[in-house]
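Working notes, structure below.
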Amino acid sequence: MNASATSLPHGHDGHSHGQDDGGHHGHLTLQYQPGLPLSRGKLIMWLFLSTEIMFFAALLGSYVVLRFGAPVWPKPHHVHLSEPIGAFNTFVLICSSVTIVLALESARANKAGLAKMWMLLTLLLGTLFLGVKGYEYQAKFSHGIYPQAPRSRIYEKPDLYYGSAVRERLGEPAIIDKLKELDDTPADKLTPEQVSARGRLQQVRKMVASPEQQAFDLAVVADQVMPLPTEGPGGSHGGGGEGGGHGGHVSGLNDIFPWLRLPAVIPGGNMWASTYFLLTGFHAIHVMVGLIVFTILLGYKLGPKDAGKIENAGLYWHFVDLVWIFLFPLLYLF
Amino acid sequence: MSDHDIHSAHAHGPITRAGDIPEHDKHDEHDHNSHDHGHGGIGKYLLVFLALCGLTTMSFLTYSSVWPWRDQPHVGWAFMMAVSCTKALLVVLFFMHVFWEANWKYVLTIPAAMMAIFLALMLVPDVGMRTRMVSQERALRMARTSDVLLMEQAAEAKVLAEPAH
């Protein structure tokens, strides 16, 4: 690799460069170069990236292995994932990858103003990505999908444990008061949807409390609380309950009465939530670090002297993009 | 080989550095720039960008009704992985300039990629096959496909919807 094991300090002795010094000799004036033919910063960035490859490979690998080893795994619309939003975020990251490359090119061409503009655009696109991610997280949180109890209200199957959890929630003093208030509200003060939901909620309460409840009853309860959305005809379905009230589909009791927050059933949902939040969370942390780096870089002149810095930041950012390229299909489309 | 390199770098480094650090670095940088400009260029980046957008649309197609193999998810998965690998390759080769780099690129990327693959494979027996043999208690509490079917049946039966209307 190194051309000059025996060379003099200003090594012009053409004999010493090895045959594996590929791609670097168009001319014979050799330069003494200690170590690999790249700057130290870039070398360290690449070493760091190779550890990052293994870091994300471990996460992605565990996700794939957990997912395909699971007896049942929720479909994207079961966990309120919106494919169009994910595709949009992919597009945003690809765009930001292009803008950072253009920032580097502008800096090298000594167009500092242009480089700054591209850098700022990259920063904005990264922020947009995080904003969309936050919006998606909110959609999960509002459906009680968290990685862990007690915040998580996800049950694996509509069994007795689920039934008792619903009963417990309905027995909480605050909920009892709210339910009484709802029962006493005259029907003309509620929307037709709420009136219908109130009737179903009363039956759910009876079903849960009944000593003769059967497995199917609990499945009915689970379906009433938060139905597993059925897949629409191709790409036209609402992609989950983000906006609520998408055509033809019955909203769950949790959607109609948000204060209710009853436990819900998503088979395989807990493992899904753990892997989803871990993968997207670590990716989001990487995005945040990238944004901090861009903010710092914006304080520089961004001329040819800073090209190395931009290049290293860009390498990192492309890697973040790379991870998302695999995350998007694995999480949203599989 | 690397031992030898380090040795020589240590032996000669200070002598070289005593001379002209700024000039050396500047020259190196400049050389690098012209090198990249020869291959890169904004046109090429835009072309890669368009390819990436097209590939994203292609993987998104598997989700739409146009996709003919909706009943065979494995076809879609294989297709999407192929698309993702192509996209990753494009980003690494052109945006990360690996296409134009010297041979050091293999030293860093190939071992990392191999270890990444081994890492995932080593998880298969303990994690991937964890539900092949489980205790009865765990099997009872574990979510199964039958639970999804049960909930779908409950949704279709509309037990509660009728009296309310």
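Lettering and numbering for the structure tokens are positional, with chains as A, B, ... in the shown order, residues counted from 1 in each chain, and ligands counted from 1 in the shown order.
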With a distance cut-off of 12 Å and only C-alpha atoms, select the neighbouring residues of His74 in chain B, excluding the residue or stretch itself and same-chain residues fewer than 4 positions from it, and output the selection as a compact mmCIF listing (two decimals) with C-alpha atoms, in the first residue's frame.
```txt
# COMPACT_ATOMS: atom_id res chain seq x y z
CA PHE A 68 -38.99 -13.86 10.83
CA LEU A 333 -43.13 -2.50 3.34
CA PHE A 334 -42.29 -5.96 4.70
CA THR B 62 -44.85 -3.35 -4.19
CA TRP B 69 -47.56 -10.63 -6.69
CA ARG B 70 -49.55 -9.30 -3.76
CA ALA B 78 -36.74 -10.16 -2.55
CA PHE B 79 -37.49 -7.37 -4.98
CA MET B 80 -37.29 -4.70 -2.30
CA MET B 81 -34.03 -6.03 -0.93
```
Which one of A:His143, A:Met117, A:Asp321, A:Asn312 sits closest to Leu38 in chain A if you count only C-alpha atoms?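 With only C-alpha atoms as the atom set, the closest residue is A:Asn312.
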Leaving out range 116-127 of chain B and any residue of its chain fewer than 6 positions from it, which residues lie within 7 Å of it when counting only C-alpha atoms, given as a ChimeraX atom specification? /A:54,57-58,61-62,65-66
Between CA of Ala88 in chain B and CA of Pro74 in chain A, what is the distance, to one decimal in Å?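 Between CA of Ala88 in chain B and CA of Pro74 in chain A the gap works out to 26.7 Å.
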Applying 9 Å and only C-alpha atoms, which residues near Arg108 in chain A remain after dropping the ones on its own chain fewer than 6 positions away? List them as a PyMOL selection string. (chain A and resi 115+302-307) or (chain B and resi 33)
Length of the CA of Ala197 in chain A to CA of His78 in chain A vector [Å]: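 For CA of Ala197 in chain A relative to CA of His78 in chain A, the distance reads 20.9 Å.
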Neighbours of range 146-160 of chain A within 8 Å (only C-alpha atoms; same-chain residues fewer than 3 positions away dropped), as a PyMOL selection string? (chain A and resi 140-141+163-164+215+218-219+222+262-270+273-274+277) or (chain B and resi 141-144+147)
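Around Met96 in chain B, within 8 Å and counting only C-alpha atoms, the residues found are Gly314, Leu315 and His318 of chain A, once anything fewer than 6 positions away on its own chain is removed.
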For the residues in that selection, give me N, CA, C and O atoms as an mmCIF file, in the first residue's frame.
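Saved as result_10.cif:
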```cif
data_model
loop_
_atom_site.group_PDB
_atom_site.id
_atom_site.type_symbol
_atom_site.label_atom_id
_atom_site.label_comp_id
_atom_site.auth_asym_id
_atom_site.auth_seq_id
_atom_site.Cartn_x
_atom_site.Cartn_y
_atom_site.Cartn_z
ATOM 1 N N GLY A 314 -20.178 14.839 5.155
ATOM 2 C CA GLY A 314 -20.995 14.240 4.098
ATOM 3 C C GLY A 314 -20.943 12.719 4.146
ATOM 4 O O GLY A 314 -21.962 12.055 4.000
ATOM 5 N N LEU A 315 -19.732 12.179 4.366
ATOM 6 C CA LEU A 315 -19.606 10.715 4.451
ATOM 7 C C LEU A 315 -20.520 10.180 5.541
ATOM 8 O O LEU A 315 -21.231 9.194 5.352
ATOM 9 N N HIS A 318 -24.207 10.489 4.423
ATOM 10 C CA HIS A 318 -24.581 9.467 3.442
ATOM 11 C C HIS A 318 -24.801 8.132 4.128
ATOM 12 O O HIS A 318 -25.674 7.356 3.747
#
```
Tell me, in Å to one decimal, how far CA of Met45 in chain A is from CA of Ala113 in chain B. 16.3 Å
Give the alpha helix (DSSP H) residues of range 77-163 of chain B, as assigned by DSSP on the backbone, as a PyMOL selection string. chain B and resi 77-90+104-123+136-141+145-157+161-163
